[in-house]
>>> print(open('structure.tsv').read())   # TSV, C-alpha atoms
chain	number	residue	atom	x	y	z
V	1	MET	CA	-45.23	37.65	141.70
V	2	GLN	CA	-41.81	38.34	140.26
V	3	ASP	CA	-40.83	41.80	139.01
V	4	LYS	CA	-41.38	42.00	135.25
V	5	GLU	CA	-37.80	43.05	134.59
V	6	TYR	CA	-36.57	39.83	136.25
V	7	SER	CA	-39.01	37.30	134.81
V	8	PHE	CA	-40.12	35.66	131.57
V	9	GLU	CA	-43.74	34.82	130.77
V	10	ILE	CA	-44.27	32.39	127.90
V	11	ILE	CA	-47.91	33.44	127.75
V	12	ASN	CA	-46.75	36.77	126.30
V	13	PHE	CA	-45.58	34.84	123.21
V	14	LYS	CA	-48.39	32.26	123.04
V	15	ASN	CA	-49.37	33.07	119.45
V	16	GLU	CA	-45.84	32.94	118.06
V	17	LYS	CA	-44.44	29.83	116.42
V	18	HIS	CA	-40.72	29.35	116.70
V	19	PHE	CA	-38.07	26.88	115.55
V	20	ILE	CA	-34.29	26.48	115.33
V	21	PRO	CA	-33.13	26.94	111.74
V	22	GLU	CA	-30.27	24.78	110.46
V	23	PHE	CA	-26.91	26.56	110.67
V	24	THR	CA	-24.30	23.80	110.92
V	25	ASN	CA	-22.80	24.76	107.55
V	26	LYS	CA	-21.86	28.14	109.02
V	27	LEU	CA	-19.67	26.41	111.63
V	28	VAL	CA	-16.94	25.46	109.18
V	29	GLY	CA	-14.59	22.80	110.52
V	30	LEU	CA	-16.93	21.19	113.06
V	31	ASN	CA	-16.81	17.40	112.86
V	32	GLU	CA	-19.47	15.01	114.08
V	33	ASN	CA	-17.63	12.14	115.78
V	34	PHE	CA	-19.47	9.82	118.13
V	35	THR	CA	-17.26	7.73	120.39
V	36	THR	CA	-16.08	4.39	119.05
V	37	PHE	CA	-15.91	3.12	122.64
V	38	LYS	CA	-19.65	2.35	122.96
V	39	PRO	CA	-19.43	-1.46	122.54
V	40	ILE	CA	-16.67	-1.60	125.16
V	41	ILE	CA	-18.17	0.71	127.76
V	42	PHE	CA	-21.95	1.03	127.40
V	43	GLU	CA	-23.09	-2.02	129.41
V	44	LYS	CA	-20.42	-1.37	132.05
V	45	TYR	CA	-21.68	2.20	132.33
V	46	LEU	CA	-25.33	1.13	132.73
V	47	ALA	CA	-24.33	-1.32	135.49
V	48	TRP	CA	-22.43	1.45	137.30
V	49	ALA	CA	-25.34	3.90	136.87
V	50	ARG	CA	-27.74	1.37	138.35
V	51	SER	CA	-25.40	0.77	141.28
V	52	ILE	CA	-25.21	4.46	142.22
V	53	GLU	CA	-28.96	4.78	141.80
V	54	GLU	CA	-29.39	2.05	144.40
V	55	THR	CA	-26.65	3.12	146.80
V	56	LEU	CA	-26.95	6.91	146.57
V	57	PHE	CA	-30.48	7.77	145.52
V	58	LYS	CA	-32.52	4.86	146.88
V	59	THR	CA	-34.96	5.19	143.97
V	60	ASN	CA	-35.47	1.43	143.52
V	61	GLY	CA	-34.71	1.41	139.82
V	62	THR	CA	-37.22	4.13	138.92
V	63	ILE	CA	-34.70	6.19	136.93
V	64	LYS	CA	-35.31	5.00	133.39
V	65	ASN	CA	-32.49	3.49	131.38
V	66	SER	CA	-33.29	6.11	128.74
V	67	ILE	CA	-31.99	8.87	131.06
V	68	PHE	CA	-28.63	7.12	131.39
V	69	GLU	CA	-28.67	6.38	127.65
V	70	ASP	CA	-29.21	10.10	126.98
V	71	ILE	CA	-26.25	10.98	129.21
V	72	PHE	CA	-24.10	8.43	127.38
V	73	SER	CA	-25.20	9.93	124.07
V	74	TYR	CA	-24.35	13.43	125.29
V	75	CYS	CA	-20.90	12.36	126.48
V	76	GLY	CA	-20.24	10.28	123.38
V	77	TYR	CA	-19.94	13.32	121.15
V	78	ILE	CA	-17.37	14.93	123.47
V	79	GLY	CA	-15.30	11.98	124.65
V	80	GLU	CA	-13.58	10.81	121.49
V	81	LEU	CA	-10.40	12.76	122.29
V	82	MET	CA	-9.91	10.61	125.42
V	83	GLY	CA	-8.78	7.04	125.85
V	84	VAL	CA	-11.20	4.36	127.08
V	85	GLU	CA	-10.41	4.73	130.79
V	86	PRO	CA	-10.58	8.55	131.01
V	87	PHE	CA	-13.75	8.48	128.89
V	88	PHE	CA	-15.38	6.16	131.44
V	89	ILE	CA	-14.34	8.58	134.21
V	90	PHE	CA	-15.78	11.44	132.14
V	91	LEU	CA	-19.05	9.48	131.77
V	92	LYS	CA	-19.31	8.90	135.52
V	93	PHE	CA	-18.63	12.45	136.65
V	94	THR	CA	-20.94	13.86	133.95
V	95	THR	CA	-23.70	11.56	135.20
V	96	LEU	CA	-23.29	12.76	138.77
V	97	GLY	CA	-22.90	16.36	137.55
V	98	ILE	CA	-26.22	16.17	135.66
V	99	ILE	CA	-27.91	14.55	138.65
V	100	LEU	CA	-26.54	17.29	140.91
V	101	ASP	CA	-27.67	19.96	138.44
V	102	ASP	CA	-31.12	18.56	137.62
V	103	PHE	CA	-32.16	16.97	140.89
V	104	VAL	CA	-30.25	18.79	143.62
V	105	PHE	CA	-29.18	22.29	142.54
V	106	GLU	CA	-32.48	22.92	140.73
V	107	LYS	CA	-34.39	22.06	143.90
V	108	ILE	CA	-31.91	23.22	146.52
V	109	ASN	CA	-34.33	25.82	147.89
V	110	LEU	CA	-37.17	23.26	147.94
V	111	LEU	CA	-35.29	20.45	149.69
V	112	ASN	CA	-36.37	19.58	153.20
V	113	MET	CA	-33.21	21.04	154.76
V	114	ASP	CA	-32.89	23.56	157.53
V	115	LYS	CA	-30.33	26.35	157.08
V	116	ASN	CA	-27.57	24.40	158.87
V	117	GLU	CA	-28.15	21.27	156.74
V	118	LYS	CA	-28.03	23.32	153.56
V	119	GLU	CA	-24.80	25.02	154.63
V	120	GLN	CA	-23.26	21.65	155.54
V	121	PHE	CA	-24.26	20.21	152.18
V	122	ILE	CA	-22.73	23.14	150.28
V	123	LYS	CA	-19.59	22.81	152.40
V	124	SER	CA	-19.40	19.10	151.57
V	125	LEU	CA	-19.25	19.99	147.88
V	126	ASN	CA	-16.00	21.92	148.34
V	127	TYR	CA	-13.02	19.87	147.23
V	128	ASN	CA	-10.53	19.13	149.97
V	129	ASN	CA	-7.69	16.74	149.19
V	130	ASN	CA	-7.64	15.27	152.69
V	131	ASN	CA	-11.40	14.68	152.70
V	132	TYR	CA	-11.39	12.83	149.41
V	133	ASN	CA	-8.54	10.56	150.42
V	134	ASN	CA	-10.41	9.53	153.55
V	135	ASN	CA	-13.10	6.91	153.05
V	136	ASN	CA	-14.57	7.64	156.49
V	137	ASN	CA	-16.22	10.67	154.94
V	138	ASN	CA	-18.39	8.30	152.93
V	139	ASN	CA	-20.44	7.61	156.06
V	140	ASN	CA	-22.26	10.94	156.11
V	141	ASN	CA	-25.82	11.63	154.92
V	142	ASN	CA	-26.87	10.91	151.34
V	143	TYR	CA	-26.08	14.41	150.01
V	144	ASN	CA	-22.61	14.26	151.52
V	145	LYS	CA	-22.17	10.80	149.98
V	146	LEU	CA	-23.10	12.26	146.60
V	147	ALA	CA	-20.53	15.05	146.97
V	148	PHE	CA	-17.92	12.54	148.13
V	149	LYS	CA	-18.60	10.26	145.18
V	150	PHE	CA	-18.46	13.15	142.70
V	151	TRP	CA	-15.03	14.30	143.85
V	152	LYS	CA	-13.66	10.77	144.12
V	153	ILE	CA	-14.50	10.38	140.44
V	154	ILE	CA	-12.88	13.71	139.52
V	155	LYS	CA	-9.78	12.60	141.40
V	156	GLN	CA	-9.44	9.62	139.03
V	157	PHE	CA	-8.40	12.09	136.32
V	158	GLU	CA	-5.23	12.75	138.32
V	159	ILE	CA	-3.35	9.84	136.74
V	160	HIS	CA	-4.40	10.88	133.23
V	161	THR	CA	-3.11	14.43	133.22
V	162	HIS	CA	-0.36	16.69	134.55
V	163	GLN	CA	-0.74	17.58	138.24
V	164	ILE	CA	-1.11	21.31	137.54
V	165	SER	CA	-3.69	20.60	134.84
V	166	PHE	CA	-5.53	18.37	137.32
V	167	GLU	CA	-5.60	21.21	139.85
V	168	ARG	CA	-7.16	23.41	137.16
V	169	ILE	CA	-9.84	20.76	136.60
V	170	VAL	CA	-10.58	20.79	140.33
V	171	ASN	CA	-10.76	24.59	140.38
V	172	ALA	CA	-13.07	24.67	137.35
V	173	TYR	CA	-15.53	22.22	138.90
V	174	SER	CA	-15.33	23.85	142.33
V	175	LEU	CA	-16.33	27.15	140.75
V	176	TRP	CA	-19.12	25.44	138.79
V	177	ILE	CA	-20.58	23.95	141.98
V	178	LYS	CA	-20.41	27.27	143.85
V	179	SER	CA	-21.91	29.23	140.94
V	180	SER	CA	-24.62	26.64	140.23
V	181	ILE	CA	-25.86	26.81	143.81
V	182	GLU	CA	-25.70	30.62	143.88
V	183	SER	CA	-27.70	30.88	140.65
V	184	ARG	CA	-30.59	28.99	142.30
V	185	ASP	CA	-30.74	31.42	145.20
V	186	PRO	CA	-33.96	33.52	145.20
V	187	ASN	CA	-31.81	36.65	145.51
V	188	PHE	CA	-29.88	35.82	142.32
V	189	LYS	CA	-31.27	38.27	139.77
V	190	ILE	CA	-30.80	38.60	136.03
V	191	ASN	CA	-32.27	41.70	134.41
V	192	SER	CA	-34.17	41.55	131.12
V	193	ASN	CA	-32.17	44.59	129.97
V	194	TYR	CA	-28.87	42.71	130.13
V	195	SER	CA	-26.45	42.72	127.21
V	196	PHE	CA	-24.76	39.43	126.38
V	197	ASN	CA	-21.63	40.51	128.27
V	198	ASP	CA	-23.74	41.24	131.36
V	199	TYR	CA	-25.40	37.85	131.04
V	200	PHE	CA	-22.05	36.12	130.44
V	201	GLU	CA	-20.66	37.56	133.67
V	202	LYS	CA	-23.61	36.11	135.58
V	203	ARG	CA	-23.87	32.70	133.92
V	204	SER	CA	-20.56	31.58	132.47
V	205	SER	CA	-19.33	29.88	135.65
V	206	ASP	CA	-22.43	27.83	136.41
V	207	VAL	CA	-23.03	26.70	132.81
V	208	CYS	CA	-19.68	26.21	131.14
V	209	GLY	CA	-16.89	27.37	133.46
V	210	ASP	CA	-13.45	26.48	132.13
V	211	PHE	CA	-14.63	23.00	131.10
V	212	ILE	CA	-13.53	23.21	127.48
V	213	LEU	CA	-9.91	24.10	128.13
V	214	THR	CA	-9.55	21.85	131.18
V	215	LEU	CA	-11.05	18.82	129.40
V	216	SER	CA	-8.71	19.51	126.49
V	217	MET	CA	-5.70	18.87	128.75
V	218	ILE	CA	-6.77	15.38	129.84
V	219	GLY	CA	-4.35	12.80	128.50
V	220	ILE	CA	-1.40	15.23	128.35
V	221	LYS	CA	0.63	13.98	131.30
V	222	ASP	CA	4.18	15.21	130.73
V	223	GLN	CA	3.48	18.91	130.14
V	224	CYS	CA	1.12	21.66	131.21
V	225	ILE	CA	0.47	25.18	129.98
V	226	ASP	CA	2.38	27.70	132.07
V	227	SER	CA	0.32	30.07	134.20
V	228	THR	CA	1.80	33.10	132.44
V	229	ILE	CA	0.20	31.84	129.20
V	230	ILE	CA	-3.08	30.93	130.93
V	231	ASP	CA	-3.27	34.46	132.37
V	232	SER	CA	-2.32	36.20	129.13
V	233	LYS	CA	-4.79	38.35	127.24
V	234	GLU	CA	-4.51	36.14	124.15
V	235	TYR	CA	-5.32	32.93	126.02
V	236	GLN	CA	-8.20	34.51	127.91
V	237	ILE	CA	-9.71	35.68	124.61
V	238	VAL	CA	-9.68	32.05	123.44
V	239	ASN	CA	-11.30	31.06	126.73
V	240	PHE	CA	-13.96	33.80	126.44
V	241	HIS	CA	-15.07	32.72	122.97
V	242	ALA	CA	-15.03	29.01	123.92
V	243	LYS	CA	-17.15	29.67	127.01
V	244	SER	CA	-19.50	31.99	125.09
V	245	PHE	CA	-20.01	29.33	122.42
V	246	PHE	CA	-20.81	26.68	125.06
V	247	LEU	CA	-23.15	29.00	126.99
V	248	LEU	CA	-25.13	30.08	123.91
V	249	VAL	CA	-25.36	26.57	122.41
V	250	ASN	CA	-26.63	25.32	125.77
V	251	ASP	CA	-29.23	28.10	125.93
V	252	LEU	CA	-30.35	27.54	122.34
V	253	TYR	CA	-31.05	23.85	122.78
V	254	SER	CA	-32.24	24.12	126.39
V	255	PHE	CA	-34.90	26.74	125.65
V	256	LYS	CA	-37.56	24.17	124.79
V	257	ARG	CA	-37.09	22.54	128.22
V	258	GLU	CA	-36.97	25.87	130.05
V	259	MET	CA	-39.46	28.12	128.28
V	260	ASN	CA	-42.24	27.54	130.82
V	261	GLU	CA	-40.01	28.62	133.70
V	262	ASN	CA	-40.16	32.27	134.74
V	263	ASP	CA	-36.48	32.83	135.45
V	264	LEU	CA	-34.08	34.52	133.03
V	265	LEU	CA	-31.43	31.79	133.16
V	266	ASN	CA	-31.44	31.58	129.36
V	267	TYR	CA	-30.30	34.31	127.00
V	268	ILE	CA	-33.07	33.54	124.50
V	269	LYS	CA	-35.59	34.66	127.12
V	270	ILE	CA	-33.76	37.97	127.62
V	271	LEU	CA	-33.56	38.62	123.88
V	272	ALA	CA	-37.21	37.60	123.42
V	273	ILE	CA	-38.24	40.30	125.89
V	274	GLN	CA	-35.94	42.87	124.25
V	275	LEU	CA	-36.97	41.97	120.67
V	276	ASN	CA	-40.58	41.08	121.49
V	277	SER	CA	-40.13	37.80	119.61
V	278	ILE	CA	-38.88	34.33	120.48
V	279	GLN	CA	-38.04	33.56	116.85
V	280	LEU	CA	-35.97	36.71	116.44
V	281	SER	CA	-34.18	35.92	119.72
V	282	ILE	CA	-33.35	32.41	118.45
V	283	GLU	CA	-31.98	33.84	115.20
V	284	LYS	CA	-29.93	36.46	117.08
V	285	THR	CA	-28.55	33.75	119.39
V	286	ILE	CA	-27.49	31.71	116.37
V	287	GLU	CA	-25.71	34.77	114.95
V	288	LEU	CA	-23.83	35.10	118.24
V	289	ILE	CA	-22.92	31.39	118.26
V	290	ILE	CA	-21.47	31.65	114.75
V	291	ASP	CA	-19.63	34.87	115.64
V	292	HIS	CA	-18.02	33.41	118.78
V	293	TYR	CA	-17.10	30.21	116.94
V	294	LEU	CA	-15.31	32.09	114.15
V	295	LYS	CA	-13.60	34.39	116.66
V	296	LEU	CA	-12.52	31.34	118.65
V	297	LEU	CA	-10.80	29.90	115.58
V	298	SER	CA	-9.07	33.20	114.74
V	299	SER	CA	-7.97	33.77	118.36
V	300	ILE	CA	-6.41	30.28	118.42
V	301	GLU	CA	-4.42	31.14	115.29
V	302	ILE	CA	-3.24	34.39	116.91
V	303	ILE	CA	-1.88	32.69	120.03
V	304	LEU	CA	-0.25	29.90	117.98
V	305	LYS	CA	1.45	32.52	115.84
V	306	LEU	CA	2.67	34.26	118.99
V	307	TYR	CA	4.53	31.13	120.16
V	308	GLU	CA	5.56	29.65	116.81
V	309	LYS	CA	9.28	30.18	117.52
V	310	ASN	CA	9.11	28.27	120.79
V	311	ILE	CA	8.74	24.73	119.50
V	312	LEU	CA	7.87	23.05	122.81
V	313	ILE	CA	5.17	25.57	123.76
V	314	HIS	CA	3.87	25.77	120.21
V	315	GLU	CA	3.45	21.99	119.95
V	316	LEU	CA	1.75	21.80	123.33
V	317	LEU	CA	-0.66	24.58	122.41
V	318	LYS	CA	-1.37	22.94	119.07
V	319	GLN	CA	-2.28	19.72	120.87
V	320	VAL	CA	-4.49	21.46	123.44
V	321	PHE	CA	-6.25	23.65	120.88
V	322	GLY	CA	-6.72	20.63	118.61
V	323	ASN	CA	-8.53	19.02	121.53
V	324	VAL	CA	-10.48	22.26	122.09
V	325	LYS	CA	-11.84	22.01	118.55
V	326	LYS	CA	-12.90	18.40	119.22
V	327	VAL	CA	-14.63	19.38	122.47
V	328	ILE	CA	-16.36	22.31	120.75
V	329	SER	CA	-17.59	19.98	117.98
V	330	GLY	CA	-18.78	17.51	120.61
V	331	ILE	CA	-20.62	20.17	122.58
V	332	TYR	CA	-22.46	21.34	119.49
V	333	TYR	CA	-23.51	17.90	118.28
V	334	ALA	CA	-24.30	16.68	121.81
V	335	HIS	CA	-26.80	19.52	122.22
V	336	LYS	CA	-28.13	19.26	118.68
V	337	LYS	CA	-28.72	15.49	118.71
V	338	SER	CA	-28.95	14.30	122.32
V	339	LYS	CA	-32.46	13.45	123.54
V	340	ARG	CA	-31.70	15.46	126.65
V	341	TYR	CA	-32.22	18.59	124.58
V	342	ASN	CA	-34.61	17.38	121.89
>>> encode(input="structure.tsv", output="structure tokens")
Amino acid sequence: MQDKEYSFEIINFKNEKHFIPEFTNKLVGLNENFTTFKPIIFEKYLAWARSIEETLFKTNGTIKNSIFEDIFSYCGYIGELMGVEPFFIFLKFTTLGIILDDFVFEKINLLNMDKNEKEQFIKSLNYNNNNYNNNNNNNNNNYNKLAFKFWKIIKQFEIHTHQISFERIVNAYSLWIKSSIESRDPNFKINSNYSFNDYFEKRSSDVCGDFILTLSMIGIKDQCIDSTIIDSKEYQIVNFHAKSFFLLVNDLYSFKREMNENDLLNYIKILAIQLNSIQLSIEKTIELIIDHYLKLLSSIEIILKLYEKNILIHELLKQVFGNVKKVISGIYYAHKKSKRYN
């Protein structure tokens, strides 16, 4: 039995009805745009998804088309800022990322692996430029093949963005993989007394990482944001609010899928214990989502104002933050409308 301070029991709330109230009108400026690329890409994507199911997972076509359709739907709200080719890359790596997250990371401590196999698998998920330029590495076991395939897809972004921005994409996804595996370790503990900042420190890397800002740089090939700006307090405030928004939106719309699990890998569970109510925790989470969204917008204006006299930097930041707003809108509508979360 898990310690009470580290676990959630839905039975404690069995008599409480709960729902997500509508709050889109509080997120002023969000735009619902589903990709116009569907007629061009959808059938091609399904054919690719079926091919990896056969070659990587050996499931003989048992993964329903609806699962791939849900992934396409999820990506479709986010991918409109990209061209057709990078959107198809985005679709492929998101598919493998979801498969890794749902079918491998979630069960990593239940897989029939001895300690050495598990360590080798985790090692295979570390990006190494030499490894992913060498097709001989594709001849390892199925989990290594999955890791190899994932990074080969990520590498396709290299021609669609600046080299430094590409390296940041690699770093963001490397950290996500490491953090996702660590969060499934039995010794990974989240306390029911955590504040949001405590929870953010534990979860931000394995849920949202730096995805929003790194995705927002795809397609910008001739420039990148200098590291001194990336490391600045103003930029990191933008990053914090973007990541917080993503994390909380994910928790809000994932709660229905996760409420029967005992872990505290969802902030609604923590708040429900603290407030003794799931409904109050949902409403508090929505308040936080709105707060981080509005602070994200104001922090973007602050950093743009800071660089308004440097035309080149200012225009680059305007382009990136314009893409950030599109990604944020996509994340919200993807969670709100995708069957994966509903």
>>> closest_residue(input="structure.tsv", among="V:Ile328, V:Leu306, V:Ile313, V:Ile286", to="Phe246 in chain V", atoms="only C-alpha atoms")
V:Ile328
>>> closest_residue(input="structure.tsv", among="V:Asn323, V:Asn250, V:Ser183, V:Ser66", to="Ile212 in chain V", atoms="all atoms listed in the file")
V:Asn323
>>> closest_residue(input="structure.tsv", among="V:Asp231, V:Asp70, V:Glu16, V:Glu201", to="Ser277 in chain V", atoms="all atoms listed in the file")
V:Glu16
>>> closest_residue(input="structure.tsv", among="V:Lys17, V:His314, V:Ile270, V:Phe90", to="Ser195 in chain V", atoms="all atoms listed in the file")
V:Ile270
>>> residues_around(input="structure.tsv", residues="Ser216 in chain V", least_positions_apart="4", cutoff="9 Å", atoms="only C-alpha atoms", output="short mmCIF file (atom, residue, chain, number, x, y, z; two decimals) with C-alpha atoms, keeping the file's coordinate frame")
data_model
loop_
_atom_site.label_atom_id
_atom_site.label_comp_id
_atom_site.auth_asym_id
_atom_site.auth_seq_id
_atom_site.Cartn_x
_atom_site.Cartn_y
_atom_site.Cartn_z
CA LEU V 81 -10.40 12.76 122.29
CA PHE V 211 -14.63 23.00 131.10
CA ILE V 212 -13.53 23.21 127.48
CA ILE V 220 -1.40 15.23 128.35
CA GLN V 319 -2.28 19.72 120.87
CA VAL V 320 -4.49 21.46 123.44
CA PHE V 321 -6.25 23.65 120.88
CA GLY V 322 -6.72 20.63 118.61
CA ASN V 323 -8.53 19.02 121.53
CA VAL V 324 -10.48 22.26 122.09
CA LYS V 325 -11.84 22.01 118.55
CA LYS V 326 -12.90 18.40 119.22
CA VAL V 327 -14.63 19.38 122.47
#
>>> closest_atom_pairs(input="structure.tsv", of="range 211-297 of chain V", to="range 10-13 of chain V", cutoff="10 Å", atoms="only C-alpha atoms", output="JSON lines")
{"residue": "V:Met259", "atom": "CA", "partner": "V:Ile10", "partner_atom": "CA", "distance": 6.4}
{"residue": "V:Asn260", "atom": "CA", "partner": "V:Ile10", "partner_atom": "CA", "distance": 6.0}
{"residue": "V:Glu261", "atom": "CA", "partner": "V:Ile10", "partner_atom": "CA", "distance": 8.1}
{"residue": "V:Asn262", "atom": "CA", "partner": "V:Ile10", "partner_atom": "CA", "distance": 8.0}
{"residue": "V:Lys269", "atom": "CA", "partner": "V:Ile10", "partner_atom": "CA", "distance": 9.0}
{"residue": "V:Ala272", "atom": "CA", "partner": "V:Phe13", "partner_atom": "CA", "distance": 8.8}
{"residue": "V:Ile273", "atom": "CA", "partner": "V:Asn12", "partner_atom": "CA", "distance": 9.2}
{"residue": "V:Asn276", "atom": "CA", "partner": "V:Phe13", "partner_atom": "CA", "distance": 8.2}
{"residue": "V:Ser277", "atom": "CA", "partner": "V:Phe13", "partner_atom": "CA", "distance": 7.2}
{"residue": "V:Ile278", "atom": "CA", "partner": "V:Phe13", "partner_atom": "CA", "distance": 7.3}
{"residue": "V:Gln279", "atom": "CA", "partner": "V:Phe13", "partner_atom": "CA", "distance": 9.9}
>>> write_last_selection(input="structure.tsv", atoms="C-alpha atoms", output="mmCIF file, in the coordinates of the input")
data_model
loop_
_atom_site.group_PDB
_atom_site.id
_atom_site.type_symbol
_atom_site.label_atom_id
_atom_site.label_comp_id
_atom_site.auth_asym_id
_atom_site.auth_seq_id
_atom_site.Cartn_x
_atom_site.Cartn_y
_atom_site.Cartn_z
ATOM 1 C CA MET V 259 -39.460 28.120 128.280
ATOM 2 C CA ASN V 260 -42.240 27.540 130.820
ATOM 3 C CA GLU V 261 -40.010 28.620 133.700
ATOM 4 C CA ASN V 262 -40.160 32.270 134.740
ATOM 5 C CA LYS V 269 -35.590 34.660 127.120
ATOM 6 C CA ALA V 272 -37.210 37.600 123.420
ATOM 7 C CA ILE V 273 -38.240 40.300 125.890
ATOM 8 C CA ASN V 276 -40.580 41.080 121.490
ATOM 9 C CA SER V 277 -40.130 37.800 119.610
ATOM 10 C CA ILE V 278 -38.880 34.330 120.480
ATOM 11 C CA GLN V 279 -38.040 33.560 116.850
#
>>> residues_around(input="structure.tsv", residues="Tyr307 in chain V", least_positions_apart="6", cutoff="12 Å", atoms="all atoms listed in the file", output="ChimeraX atom specification")
/V:229,234-235,300-301,313-318
>>> closest_atom_pairs(input="structure.tsv", of="range 268-289 of chain V", to="range 27-48 of chain V", cutoff="12 Å", atoms="only C-alpha atoms", output="CSV")
residue,atom,partner,partner_atom,distance
V:Ile286,CA,V:Leu27,CA,10.6
V:Glu287,CA,V:Leu27,CA,10.8
V:Leu288,CA,V:Leu27,CA,11.7
V:Ile289,CA,V:Leu27,CA,8.9
>>> atom_distance(input="structure.tsv", atom1="CA of Lys243 in chain V", atom2="CA of Lys309 in chain V")
28.1 Å
